[in-house]
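Below is structure.csv, which holds CSV, C-alpha atoms.
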```
chain,number,residue,atom,x,y,z
I,552,MET,CA,-20.0,25.7,-42.5
I,553,GLY,CA,-16.3,26.0,-43.0
I,554,VAL,CA,-13.4,24.5,-41.2
I,555,LEU,CA,-12.9,27.5,-39.0
I,556,GLU,CA,-16.5,27.3,-37.7
I,557,GLN,CA,-16.1,23.5,-37.1
I,558,ILE,CA,-12.9,24.1,-35.1
I,559,PHE,CA,-14.6,26.9,-33.2
I,560,ASN,CA,-17.6,24.8,-32.4
I,561,GLN,CA,-15.5,22.2,-30.6
I,562,GLY,CA,-15.3,24.6,-27.7
I,563,ASP,CA,-12.4,26.0,-25.8
I,564,ASP,CA,-9.2,24.1,-25.0
I,565,PHE,CA,-8.0,23.6,-21.5
I,566,LEU,CA,-5.2,26.1,-20.9
I,567,GLY,CA,-2.2,25.4,-18.7
I,568,TYR,CA,-3.0,28.2,-16.2
I,569,GLU,CA,-6.6,27.3,-15.7
I,570,TYR,CA,-6.2,25.7,-12.3
I,571,GLN,CA,-5.9,26.6,-8.7
I,572,VAL,CA,-4.4,24.8,-5.7
I,573,SER,CA,-5.9,24.5,-2.3
I,574,PHE,CA,-4.1,23.2,0.8
I,575,GLY,CA,-5.5,21.7,3.9
I,576,PRO,CA,-3.9,24.2,6.2
I,577,ILE,CA,-0.1,24.3,5.6
I,578,PRO,CA,1.5,23.6,9.0
I,579,TYR,CA,3.5,26.4,10.5
I,580,LEU,CA,2.1,29.0,8.1
I,581,ASP,CA,0.1,31.2,10.5
I,582,THR,CA,0.5,34.4,8.6
I,583,VAL,CA,-1.9,35.1,5.7
I,584,THR,CA,0.1,34.3,2.5
I,585,ASN,CA,-1.6,33.7,-0.7
I,586,SER,CA,-0.3,30.3,-1.6
I,587,LEU,CA,-2.7,30.1,-4.5
I,588,VAL,CA,-1.0,32.9,-6.3
I,589,ARG,CA,2.5,31.8,-5.3
I,590,CYS,CA,2.1,28.3,-6.7
I,591,ASN,CA,3.6,28.6,-10.2
I,592,THR,CA,3.5,25.1,-11.6
I,593,VAL,CA,2.0,21.8,-10.5
I,594,SER,CA,3.1,18.4,-12.0
I,595,ILE,CA,0.3,15.9,-11.9
I,596,PRO,CA,1.9,12.4,-11.8
I,597,GLU,CA,1.1,10.0,-14.6
I,598,LYS,CA,-1.2,7.2,-13.7
I,599,VAL,CA,0.6,3.9,-14.2
I,600,LEU,CA,-0.8,0.3,-14.0
I,601,GLY,CA,1.4,-2.7,-13.6
I,602,THR,CA,1.6,-5.3,-16.3
I,603,TYR,CA,2.9,-8.8,-16.8
I,604,GLU,CA,3.7,-10.7,-19.9
I,605,TYR,CA,2.0,-13.9,-20.9
I,606,ASP,CA,3.8,-16.0,-23.6
I,607,TYR,CA,2.0,-18.6,-25.6
I,608,LYS,CA,3.4,-20.1,-28.7
I,609,SER,CA,4.2,-17.3,-31.1
I,610,GLU,CA,2.4,-14.5,-29.2
I,611,LYS,CA,3.0,-12.4,-26.2
I,612,ILE,CA,0.1,-10.9,-24.4
I,613,VAL,CA,0.5,-8.0,-22.0
I,614,LYS,CA,-2.0,-8.1,-19.2
I,615,PRO,CA,-2.7,-5.8,-16.2
I,616,ASN,CA,-1.4,-7.3,-13.0
I,617,GLY,CA,-3.7,-5.5,-10.7
I,618,LYS,CA,-1.1,-3.2,-9.2
I,619,ASN,CA,-1.2,0.5,-9.2
I,620,LEU,CA,2.4,1.7,-10.0
I,621,THR,CA,1.6,5.4,-10.0
I,622,GLN,CA,4.5,7.2,-8.4
I,623,LYS,CA,3.3,8.5,-5.0
I,624,GLU,CA,4.8,11.9,-5.3
I,625,PHE,CA,4.3,15.1,-7.2
I,626,GLU,CA,6.0,18.5,-7.5
I,627,MET,CA,5.0,22.1,-7.2
I,628,GLU,CA,7.0,25.2,-8.0
I,629,PHE,CA,6.4,28.3,-5.8
I,630,ARG,CA,7.3,31.9,-6.3
I,631,LEU,CA,8.7,32.8,-2.8
I,632,ASP,CA,7.3,35.7,-0.9
I,633,LYS,CA,9.5,38.6,0.2
I,634,TYR,CA,9.8,37.4,3.8
I,635,LEU,CA,10.1,33.7,2.8
I,636,LEU,CA,7.1,32.9,5.0
I,637,LEU,CA,6.0,30.1,2.7
I,638,TYR,CA,9.5,28.7,2.4
I,639,LYS,CA,10.0,28.8,6.2
I,640,ALA,CA,6.7,27.1,6.7
I,641,PHE,CA,7.7,24.3,4.3
I,642,ARG,CA,11.0,24.0,6.0
I,643,LEU,CA,9.5,23.8,9.4
I,644,TRP,CA,6.9,21.3,8.1
I,645,ASN,CA,9.7,19.2,6.7
I,646,ASP,CA,11.7,19.5,9.9
I,647,SER,CA,8.7,18.4,12.0
I,648,ILE,CA,9.0,15.0,10.3
I,649,VAL,CA,12.7,14.5,10.9
I,650,SER,CA,14.3,17.2,13.0
I,651,PRO,CA,17.7,18.3,11.8
I,652,ILE,CA,18.4,19.7,15.3
I,653,THR,CA,17.5,16.8,17.6
I,654,GLY,CA,17.6,14.0,15.1
I,655,GLY,CA,14.2,12.9,16.3
I,656,SER,CA,11.5,11.7,13.9
I,657,SER,CA,7.7,11.9,14.0
I,658,MET,CA,5.4,9.0,13.7
I,659,ASP,CA,3.4,8.9,10.4
I,660,SER,CA,0.3,7.2,11.8
I,661,ILE,CA,-0.9,7.4,15.4
I,662,ASN,CA,-3.7,5.0,15.5
I,663,GLY,CA,-4.7,5.9,11.9
I,664,THR,CA,-4.4,9.7,12.4
I,665,THR,CA,-1.5,11.5,10.8
I,666,PRO,CA,0.3,14.3,12.6
I,667,PHE,CA,1.8,16.0,9.5
I,668,ARG,CA,0.0,14.9,6.3
I,669,ILE,CA,-2.5,17.3,4.8
I,670,PRO,CA,-4.8,17.1,1.7
I,671,ILE,CA,-4.0,19.1,-1.4
I,672,THR,CA,-6.5,19.7,-4.1
I,673,VAL,CA,-5.8,20.9,-7.6
I,674,THR,CA,-9.0,22.2,-9.2
I,675,THR,CA,-9.3,23.1,-12.9
I,676,GLY,CA,-11.2,26.2,-13.9
I,677,THR,CA,-11.0,29.6,-15.2
I,678,TYR,CA,-11.7,33.2,-14.1
I,679,ASP,CA,-14.7,35.0,-15.5
I,680,VAL,CA,-14.5,38.7,-16.4
I,681,LEU,CA,-15.7,39.5,-12.9
I,682,GLY,CA,-12.7,37.7,-11.4
I,683,ASN,CA,-14.7,34.8,-10.1
I,684,PHE,CA,-13.1,31.3,-10.3
I,685,VAL,CA,-15.4,29.1,-12.4
I,686,PRO,CA,-14.5,25.4,-11.8
I,687,THR,CA,-14.6,23.2,-14.9
I,688,LEU,CA,-15.5,20.1,-12.9
I,689,HIS,CA,-12.3,18.3,-12.8
I,690,ALA,CA,-10.0,18.1,-9.8
I,691,TRP,CA,-7.1,16.1,-8.5
I,692,TYR,CA,-7.4,15.2,-4.9
I,693,PHE,CA,-4.2,14.3,-3.2
I,694,LYS,CA,-4.8,12.7,0.2
I,695,GLY,CA,-2.2,12.6,2.9
I,696,CYS,CA,0.5,14.9,1.4
I,697,TRP,CA,3.8,15.7,3.1
I,698,PRO,CA,6.9,17.5,1.8
I,699,ILE,CA,9.5,15.0,0.8
I,700,SER,CA,11.9,17.7,-0.3
I,701,VAL,CA,12.0,21.5,0.0
I,702,GLY,CA,14.0,22.5,-3.0
I,703,ALA,CA,17.2,24.4,-3.4
I,704,ILE,CA,17.2,28.2,-3.5
I,705,ASN,CA,19.4,29.9,-6.0
I,706,LEU,CA,20.5,33.4,-5.0
I,707,ASP,CA,22.2,35.5,-7.7
I,708,ASN,CA,23.4,39.1,-7.7
I,709,GLN,CA,22.8,39.3,-11.5
I,710,ASN,CA,19.3,38.1,-11.4
I,711,GLY,CA,16.3,40.3,-10.7
I,712,GLU,CA,13.7,37.6,-11.2
I,713,PRO,CA,11.6,36.2,-8.3
I,714,VAL,CA,13.2,33.3,-6.6
I,715,MET,CA,11.5,30.0,-7.3
I,716,CYS,CA,11.5,26.9,-5.1
I,717,ASN,CA,10.4,23.3,-5.9
I,718,ILE,CA,8.6,21.3,-3.3
I,719,ARG,CA,8.2,17.6,-3.8
I,720,PHE,CA,5.2,16.1,-2.0
I,721,GLY,CA,4.6,12.5,-1.2
I,722,PHE,CA,0.9,11.4,-0.9
I,723,LEU,CA,-1.2,8.4,0.0
I,724,LYS,CA,-3.8,8.6,-2.7
I,725,MET,CA,-4.5,10.6,-5.8
I,726,ILE,CA,-8.1,10.5,-6.8
P,154,MET,CA,-10.5,-16.7,-34.3
P,155,GLY,CA,-6.9,-17.4,-33.2
P,156,TYR,CA,-5.6,-18.9,-30.0
P,157,ILE,CA,-5.1,-15.5,-28.5
P,158,GLU,CA,-8.8,-15.4,-27.9
P,159,ASP,CA,-8.7,-18.8,-26.4
P,160,VAL,CA,-5.8,-17.8,-24.1
P,161,PHE,CA,-7.8,-14.7,-23.1
P,162,GLN,CA,-10.7,-16.7,-21.8
P,163,TYR,CA,-8.9,-18.0,-18.8
P,164,GLU,CA,-7.9,-15.3,-16.3
P,165,ASP,CA,-4.8,-15.8,-14.2
P,166,GLN,CA,-4.7,-15.6,-10.4
P,167,LEU,CA,-2.6,-12.5,-9.8
P,168,GLY,CA,0.3,-12.8,-7.4
P,169,ALA,CA,-0.6,-9.8,-5.3
P,170,LEU,CA,-4.3,-10.5,-4.7
P,171,TRP,CA,-4.1,-12.5,-1.5
P,172,GLU,CA,-4.2,-12.0,2.2
P,173,VAL,CA,-3.6,-14.1,5.2
P,174,ARG,CA,-5.4,-14.4,8.5
P,175,ILE,CA,-3.9,-16.0,11.5
P,176,ILE,CA,-6.7,-17.3,13.7
P,177,PRO,CA,-5.8,-18.4,17.2
P,178,LYS,CA,-7.9,-21.2,18.5
P,179,LYS,CA,-8.2,-19.3,21.8
P,180,SER,CA,-8.4,-15.6,21.9
P,181,SER,CA,-5.2,-13.7,22.3
P,182,ASN,CA,-4.3,-10.4,24.0
P,183,VAL,CA,-3.1,-9.1,20.6
P,184,ASP,CA,-5.7,-8.6,17.9
P,185,SER,CA,-4.5,-11.0,15.2
P,186,LYS,CA,-6.1,-8.7,12.5
P,187,ILE,CA,-2.9,-6.6,12.6
P,188,LEU,CA,-1.0,-9.6,11.3
P,189,THR,CA,-3.0,-9.6,8.1
P,190,PHE,CA,-1.9,-6.0,7.3
P,191,LYS,CA,1.7,-6.5,8.4
P,192,THR,CA,2.2,-9.6,6.3
P,193,GLN,CA,4.6,-9.0,3.4
P,194,GLU,CA,5.4,-12.5,2.1
P,195,MET,CA,4.2,-16.0,2.7
P,196,THR,CA,5.4,-19.4,1.7
P,197,ILE,CA,2.7,-22.1,1.9
P,198,PRO,CA,3.4,-25.8,1.7
P,199,PHE,CA,1.5,-28.4,-0.3
P,200,PHE,CA,1.3,-32.2,-0.2
P,201,ARG,CA,3.8,-34.5,-1.6
P,202,PHE,CA,3.4,-38.3,-2.1
P,203,LYS,CA,6.3,-40.7,-2.0
P,204,VAL,CA,6.6,-42.9,-5.1
P,205,GLU,CA,9.2,-45.5,-6.1
P,206,ARG,CA,9.7,-47.1,-9.5
P,207,GLN,CA,9.8,-50.9,-9.1
P,208,LEU,CA,11.7,-53.3,-11.2
P,209,SER,CA,8.5,-54.2,-13.0
P,210,GLY,CA,8.2,-50.5,-14.1
P,211,LEU,CA,5.1,-49.9,-12.0
P,212,ILE,CA,5.2,-46.8,-9.8
P,213,PRO,CA,3.1,-47.4,-6.6
P,214,TRP,CA,2.6,-44.8,-4.0
P,215,MET,CA,4.8,-45.6,-1.0
P,216,GLY,CA,3.6,-43.0,1.5
P,217,VAL,CA,3.1,-39.3,2.1
P,218,GLU,CA,5.8,-36.8,2.9
P,219,ASP,CA,5.2,-34.6,5.9
P,220,LEU,CA,3.8,-31.2,5.1
P,221,ASN,CA,6.6,-28.7,4.9
P,222,GLU,CA,6.9,-25.6,7.1
P,223,LEU,CA,4.8,-22.5,6.5
P,224,SER,CA,6.6,-19.2,6.8
P,225,ILE,CA,5.3,-15.7,7.0
P,226,THR,CA,7.4,-12.6,6.6
P,227,LEU,CA,6.0,-9.7,8.6
P,228,ARG,CA,6.7,-6.0,9.0
P,229,GLU,CA,6.9,-5.2,12.7
P,230,SER,CA,4.6,-2.5,14.2
P,231,VAL,CA,5.9,0.3,16.3
P,232,ASP,CA,4.6,-1.4,19.4
P,233,PHE,CA,6.0,-4.8,18.4
P,234,SER,CA,2.5,-6.2,18.5
P,235,THR,CA,3.1,-8.9,15.9
P,236,ILE,CA,6.1,-10.4,17.8
P,237,LYS,CA,4.1,-10.1,21.0
P,238,PHE,CA,1.4,-12.2,19.4
P,239,PHE,CA,3.8,-15.0,18.8
P,240,GLU,CA,5.6,-14.5,22.1
P,241,GLU,CA,2.3,-15.0,23.9
P,242,LEU,CA,1.8,-18.2,21.9
P,243,LYS,CA,5.3,-19.3,22.8
P,244,SER,CA,4.7,-18.6,26.5
P,245,LYS,CA,2.0,-21.2,26.5
P,246,ILE,CA,4.3,-23.8,25.1
P,247,TYR,CA,7.7,-23.3,26.8
P,248,ASP,CA,8.9,-21.7,30.0
P,249,TYR,CA,12.3,-20.2,29.3
P,250,LYS,CA,13.0,-19.5,33.0
P,251,GLU,CA,12.3,-23.0,34.1
P,252,ARG,CA,13.7,-24.4,30.9
P,253,ARG,CA,10.8,-26.8,30.4
P,254,PHE,CA,7.9,-27.4,28.1
P,255,LEU,CA,4.6,-26.7,29.8
P,256,VAL,CA,2.0,-29.4,30.3
P,257,GLN,CA,-0.4,-29.2,27.4
P,258,GLU,CA,-3.8,-29.4,29.0
P,259,ASN,CA,-5.7,-27.9,26.1
P,260,GLU,CA,-4.1,-27.8,22.7
P,261,ASN,CA,-6.3,-24.9,21.7
P,262,ASP,CA,-4.2,-22.7,23.9
P,263,TYR,CA,-1.3,-22.7,21.5
P,264,LEU,CA,-2.6,-23.8,18.1
P,265,VAL,CA,-3.5,-21.4,15.3
P,266,ASP,CA,-5.3,-21.9,12.0
P,267,ILE,CA,-3.8,-20.0,9.1
P,268,GLU,CA,-6.1,-19.0,6.3
P,269,ALA,CA,-4.7,-17.8,2.9
P,270,SER,CA,-7.5,-16.1,0.9
P,271,PHE,CA,-7.1,-15.4,-2.8
P,272,PHE,CA,-9.1,-12.8,-4.7
P,273,LYS,CA,-10.0,-12.2,-8.2
P,274,PRO,CA,-10.2,-8.7,-9.5
P,275,GLY,CA,-13.6,-7.1,-9.0
P,276,SER,CA,-15.8,-5.9,-11.9
P,277,ILE,CA,-15.3,-2.4,-13.3
P,278,GLU,CA,-18.6,-1.3,-11.6
P,279,GLN,CA,-17.1,-2.3,-8.2
P,280,SER,CA,-13.9,-0.3,-9.0
P,281,ILE,CA,-16.1,2.8,-9.6
P,282,GLU,CA,-17.8,2.3,-6.3
P,283,TRP,CA,-14.4,2.3,-4.7
P,284,ARG,CA,-13.6,5.5,-6.3
P,285,ASN,CA,-16.8,7.2,-5.1
P,286,ALA,CA,-16.1,6.0,-1.6
P,287,ASP,CA,-12.7,7.6,-1.7
P,288,LEU,CA,-13.7,11.0,-2.9
P,289,TRP,CA,-14.1,12.2,0.6
P,290,VAL,CA,-10.6,13.5,1.2
P,291,LYS,CA,-10.6,16.6,3.4
P,292,ASN,CA,-10.7,14.9,6.8
P,293,GLN,CA,-7.4,13.2,7.5
P,294,THR,CA,-8.9,10.5,9.6
P,295,TRP,CA,-9.0,7.1,7.8
P,296,GLN,CA,-12.4,5.7,7.1
P,297,THR,CA,-13.2,2.1,7.5
P,298,GLN,CA,-13.6,0.9,4.0
P,299,THR,CA,-15.8,-1.9,3.0
P,300,ILE,CA,-14.1,-4.6,1.0
P,301,TYR,CA,-16.5,-5.7,-1.8
P,302,ASP,CA,-14.5,-8.7,-3.0
P,303,GLU,CA,-15.2,-12.1,-1.5
P,304,PRO,CA,-12.3,-14.5,-1.6
P,305,SER,CA,-12.6,-16.8,-4.6
P,306,ILE,CA,-10.7,-19.5,-2.8
P,307,LYS,CA,-9.3,-20.2,0.6
P,308,ILE,CA,-6.5,-22.5,1.7
P,309,ILE,CA,-6.8,-23.2,5.4
P,310,TYR,CA,-3.9,-24.7,7.3
P,311,LYS,CA,-5.2,-26.4,10.3
P,312,ASN,CA,-3.7,-26.7,13.8
P,313,CYS,CA,-0.4,-24.9,13.1
P,314,LYS,CA,2.3,-25.2,15.7
P,315,LEU,CA,4.8,-22.4,16.2
P,316,ILE,CA,8.4,-23.3,15.4
P,317,GLY,CA,10.1,-20.0,15.8
P,318,PHE,CA,11.4,-16.8,14.4
P,319,ASP,CA,14.3,-16.2,12.0
P,320,ASN,CA,17.0,-13.9,13.4
P,321,LEU,CA,16.0,-10.2,13.4
P,322,ASN,CA,18.5,-8.2,11.4
P,323,LEU,CA,19.0,-4.6,12.7
P,324,SER,CA,21.0,-2.0,10.9
P,325,TYR,CA,21.6,1.7,11.0
P,326,THR,CA,22.1,1.9,7.3
P,327,GLY,CA,18.6,0.7,6.3
P,328,GLY,CA,15.6,2.9,6.0
P,329,GLU,CA,13.0,0.2,5.7
P,330,ALA,CA,10.6,-1.2,8.3
P,331,ILE,CA,11.9,-4.1,10.4
P,332,VAL,CA,11.0,-7.3,8.8
P,333,TYR,CA,11.2,-10.8,10.2
P,334,SER,CA,10.0,-14.3,9.4
P,335,VAL,CA,8.0,-16.7,11.6
P,336,THR,CA,7.8,-20.4,10.8
P,337,LEU,CA,4.9,-22.7,11.7
P,338,MET,CA,4.2,-26.3,11.1
P,339,PRO,CA,0.7,-27.1,9.9
P,340,GLU,CA,-1.0,-30.4,10.7
P,341,THR,CA,-3.1,-30.5,7.5
P,342,TYR,CA,-4.8,-28.2,5.0
P,343,GLU,CA,-7.9,-27.9,3.1
P,344,ILE,CA,-8.9,-25.8,0.1
P,345,LYS,CA,-12.4,-24.2,0.2
```
Can you turn what I pasted into structure tokens?
Amino acid sequence: MGVLEQIFNQGDDFLGYEYQVSFGPIPYLDTVTNSLVRCNTVSIPEKVLGTYEYDYKSEKIVKPNGKNLTQKEFEMEFRLDKYLLLYKAFRLWNDSIVSPITGGSSMDSINGTTPFRIPITVTTGTYDVLGNFVPTLHAWYFKGCWPISVGAINLDNQNGEPVMCNIRFGFLKMI
Amino acid sequence: MGYIEDVFQYEDQLGALWEVRIIPKKSSNVDSKILTFKTQEMTIPFFRFKVERQLSGLIPWMGVEDLNELSITLRESVDFSTIKFFEELKSKIYDYKERRFLVQENENDYLVDIEASFFKPGSIEQSIEWRNADLWVKNQTWQTQTIYDEPSIKIIYKNCKLIGFDNLNLSYTGGEAIVYSVTLMPETYEIK
């Protein structure tokens, strides 16, 4: 068996587009908009553990300090729809947390129930030739997501490309 | 084998793996469990003997210094329940309207025990159990989670008397939760 066969036998690689995103219903988005297709990129945050240093004589030992220092936010890029329904929904969702009109703010936890956080799941998988999504058994579950920032929009008379928008989500847990 | 392996045998107590319970001797209108979750920092006192070097060079023990104050820094809840807990305690000690200390018929009315529990990290198997328990994510209601770890050691401060609060600093420029410190004086402590 040659090198090519050996490489081929390792199986397929995970390709960057083999994923899909699902949202626990996006608040203020009552019109049917395919957010799965509109989501262009997702940045999964790196998992980081805290460490401390332990010096003894000539050596330094780095040990885990038991803290989870993973940044509690991640970003998605969306291709906006013609009528900006998705953008408007994210804006309204963001406004519902701190209103730019009244200055009022929403409580995050009302006896343990959140009024504005939703779950977001990023599932890996691919589409078969029939167009069915075939999961590859890995998913990132983001619990308690909310839009920290709804990104800038760049309008340009010289540009015919779709307008993209970055949304930065905060979350409680990534599993 | 070098000394790194020797050093590695003895695990350190990690600075973040602790919690405090404030246990009123008599039940309070405010559930003191909330104080455990709202505690941010704590300073706990330990014993100190008095010694004096004599002319002969001997160093006899001359006495015991009083136990220092115990202070707890708390984040306040939206309903001010943590301050209300201590206000209720205060109301059993002093009457601000009448400007007088109340007659103390039963000291259990105003004393609290404070229990600082320290944890060691659980095993990897336990961590995996935690992960499995957390896979249920679609419902936004928090689940009551079982804590597997038992405290490895407890320091219990007995019969603590309320001394008071530090000033509460309020500012429009800050975006953090309101934080304040409460100071108590323990009678004694024991390590379990």
Just the residues within 8 Å of Ala690 of chain I, please, counting all atoms listed in the file, with nothing from its chain fewer than 6 positions along; format it as JSON, numbers by chain.
{"I": [672, 673, 674, 675]}
What is the atom CA of Pro615 of chain I to atom CA of Gly155 of chain P distance in Å?
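Answer for the atom CA of Pro615 of chain I to atom CA of Gly155 of chain P separation: 21.0 Å.
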Write down, as an MDAnalysis selection string, each residue of chain I that has any atom within 7 Å of an atom of chain P, counting all atoms listed in the file.
chainID I and resid 616 663:665 669:670 694:695 726
Which residues of segment 600-718 of chain I sit at most 12 Å from segment 572-579 of chain I, using only C-alpha atoms? Give each one's shortest atom pair and distance in Å (one decimal place), in chain and ascending residue order, as CSV.
```
residue,atom,partner,partner_atom,distance
I:Met627,CA,I:Val572,CA,9.9
I:Glu628,CA,I:Val572,CA,11.6
I:Phe629,CA,I:Val572,CA,11.4
I:Leu636,CA,I:Tyr579,CA,9.2
I:Leu637,CA,I:Ile577,CA,8.9
I:Tyr638,CA,I:Tyr579,CA,10.3
I:Lys639,CA,I:Tyr579,CA,8.2
I:Ala640,CA,I:Tyr579,CA,5.0
I:Phe641,CA,I:Tyr579,CA,7.8
I:Arg642,CA,I:Tyr579,CA,9.1
I:Leu643,CA,I:Tyr579,CA,6.6
I:Trp644,CA,I:Pro578,CA,5.9
I:Asn645,CA,I:Pro578,CA,9.6
I:Asp646,CA,I:Tyr579,CA,10.7
I:Ser647,CA,I:Pro578,CA,9.4
I:Ile648,CA,I:Pro578,CA,11.5
I:Pro666,CA,I:Pro578,CA,10.0
I:Phe667,CA,I:Pro578,CA,7.6
I:Arg668,CA,I:Gly575,CA,9.1
I:Ile669,CA,I:Gly575,CA,5.4
I:Pro670,CA,I:Gly575,CA,5.1
I:Ile671,CA,I:Phe574,CA,4.7
I:Thr672,CA,I:Ser573,CA,5.2
I:Val673,CA,I:Val572,CA,4.6
I:Thr674,CA,I:Val572,CA,6.3
I:Thr675,CA,I:Val572,CA,8.9
I:Gly676,CA,I:Val572,CA,10.7
I:Phe684,CA,I:Val572,CA,11.8
I:Pro686,CA,I:Val572,CA,11.8
I:Ala690,CA,I:Val572,CA,9.6
I:Trp691,CA,I:Val572,CA,9.5
I:Tyr692,CA,I:Ser573,CA,9.8
I:Phe693,CA,I:Phe574,CA,9.8
I:Lys694,CA,I:Gly575,CA,9.8
I:Gly695,CA,I:Gly575,CA,9.7
I:Cys696,CA,I:Gly575,CA,9.4
I:Trp697,CA,I:Ile577,CA,9.8
I:Pro698,CA,I:Ile577,CA,10.5
```
How many Å separate atom CA of Tyr333 of chain P from atom CA of Gly721 of chain I?
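Atom CA of Tyr333 of chain P sits 26.8 Å away from atom CA of Gly721 of chain I.
Taking all atoms listed in the file into account, Thr592 of chain I lies nearest to I:Glu626 out of the set I:Glu626, I:Leu688, I:Asp632, I:Arg719.
The space separating atom CA of Lys186 of chain P from atom CA of Arg174 of chain P comes to 7.0 Å.
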Within 12 Å of Glu240 of chain P, counting only C-alpha atoms, which residues qualify if same-chain residues fewer than 2 places away don't, as a ChimeraX atom specification?
/P:181-183,233-238,242-249,263,315-318,335
Need the neighbours of (-1.0, -2.1, -8.6): which residues are at most 6 Å away, counting only C-alpha atoms, as a list of chain:residue names?
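Returned residue set, sorted by chain then number, is I:Leu600, I:Gly601, I:Gly617, I:Lys618, I:Asn619, I:Leu620.
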Export segment 714-726 of chain I, N, CA, C and O atoms, as a PDB file, in the first residue's frame; it's the structure right above.
```pdb
ATOM      1  N   VAL I 714     -24.038  42.760   2.408  1.00  0.00           N
ATOM      2  CA  VAL I 714     -23.576  43.446   3.621  1.00  0.00           C
ATOM      3  C   VAL I 714     -23.476  42.421   4.745  1.00  0.00           C
ATOM      4  O   VAL I 714     -24.399  41.628   4.960  1.00  0.00           O
ATOM      5  N   MET I 715     -22.340  42.445   5.440  1.00  0.00           N
ATOM      6  CA  MET I 715     -22.107  41.507   6.535  1.00  0.00           C
ATOM      7  C   MET I 715     -22.188  42.253   7.866  1.00  0.00           C
ATOM      8  O   MET I 715     -21.934  43.455   7.928  1.00  0.00           O
ATOM      9  N   CYS I 716     -22.510  41.525   8.894  1.00  0.00           N
ATOM     10  CA  CYS I 716     -22.622  42.147  10.218  1.00  0.00           C
ATOM     11  C   CYS I 716     -22.143  41.153  11.281  1.00  0.00           C
ATOM     12  O   CYS I 716     -22.520  39.978  11.249  1.00  0.00           O
ATOM     13  N   ASN I 717     -21.303  41.623  12.174  1.00  0.00           N
ATOM     14  CA  ASN I 717     -20.808  40.768  13.256  1.00  0.00           C
ATOM     15  C   ASN I 717     -21.644  40.955  14.513  1.00  0.00           C
ATOM     16  O   ASN I 717     -21.913  42.090  14.912  1.00  0.00           O
ATOM     17  N   ILE I 718     -22.026  39.856  15.101  1.00  0.00           N
ATOM     18  CA  ILE I 718     -22.748  39.896  16.377  1.00  0.00           C
ATOM     19  C   ILE I 718     -21.864  39.196  17.408  1.00  0.00           C
ATOM     20  O   ILE I 718     -21.411  38.067  17.167  1.00  0.00           O
ATOM     21  N   ARG I 719     -21.614  39.874  18.508  1.00  0.00           N
ATOM     22  CA  ARG I 719     -20.815  39.258  19.567  1.00  0.00           C
ATOM     23  C   ARG I 719     -21.769  38.845  20.683  1.00  0.00           C
ATOM     24  O   ARG I 719     -22.503  39.676  21.213  1.00  0.00           O
ATOM     25  N   PHE I 720     -21.767  37.561  20.982  1.00  0.00           N
ATOM     26  CA  PHE I 720     -22.665  37.030  22.009  1.00  0.00           C
ATOM     27  C   PHE I 720     -21.902  36.758  23.303  1.00  0.00           C
ATOM     28  O   PHE I 720     -20.789  36.214  23.273  1.00  0.00           O
ATOM     29  N   GLY I 721     -22.516  37.111  24.397  1.00  0.00           N
ATOM     30  CA  GLY I 721     -22.027  36.644  25.687  1.00  0.00           C
ATOM     31  C   GLY I 721     -22.768  35.367  26.031  1.00  0.00           C
ATOM     32  O   GLY I 721     -23.855  35.109  25.500  1.00  0.00           O
ATOM     33  N   PHE I 722     -22.205  34.519  26.866  1.00  0.00           N
ATOM     34  CA  PHE I 722     -22.903  33.292  27.247  1.00  0.00           C
ATOM     35  C   PHE I 722     -22.553  32.919  28.681  1.00  0.00           C
ATOM     36  O   PHE I 722     -21.589  33.445  29.265  1.00  0.00           O
ATOM     37  N   LEU I 723     -23.343  32.028  29.231  1.00  0.00           N
ATOM     38  CA  LEU I 723     -23.068  31.547  30.588  1.00  0.00           C
ATOM     39  C   LEU I 723     -22.139  30.343  30.565  1.00  0.00           C
ATOM     40  O   LEU I 723     -21.195  30.250  31.337  1.00  0.00           O
ATOM     41  N   LYS I 724     -22.460  29.403  29.687  1.00  0.00           N
ATOM     42  CA  LYS I 724     -21.685  28.164  29.648  1.00  0.00           C
ATOM     43  C   LYS I 724     -21.456  27.732  28.219  1.00  0.00           C
ATOM     44  O   LYS I 724     -22.356  27.868  27.382  1.00  0.00           O
ATOM     45  N   MET I 725     -20.290  27.182  27.960  1.00  0.00           N
ATOM     46  CA  MET I 725     -20.036  26.514  26.682  1.00  0.00           C
ATOM     47  C   MET I 725     -19.729  25.058  27.014  1.00  0.00           C
ATOM     48  O   MET I 725     -18.818  24.769  27.791  1.00  0.00           O
ATOM     49  N   ILE I 726     -20.514  24.183  26.437  1.00  0.00           N
ATOM     50  CA  ILE I 726     -20.332  22.761  26.758  1.00  0.00           C
ATOM     51  C   ILE I 726     -19.974  22.016  25.492  1.00  0.00           C
ATOM     52  O   ILE I 726     -20.565  22.271  24.444  1.00  0.00           O
TER      53      ILE I 726
END
```
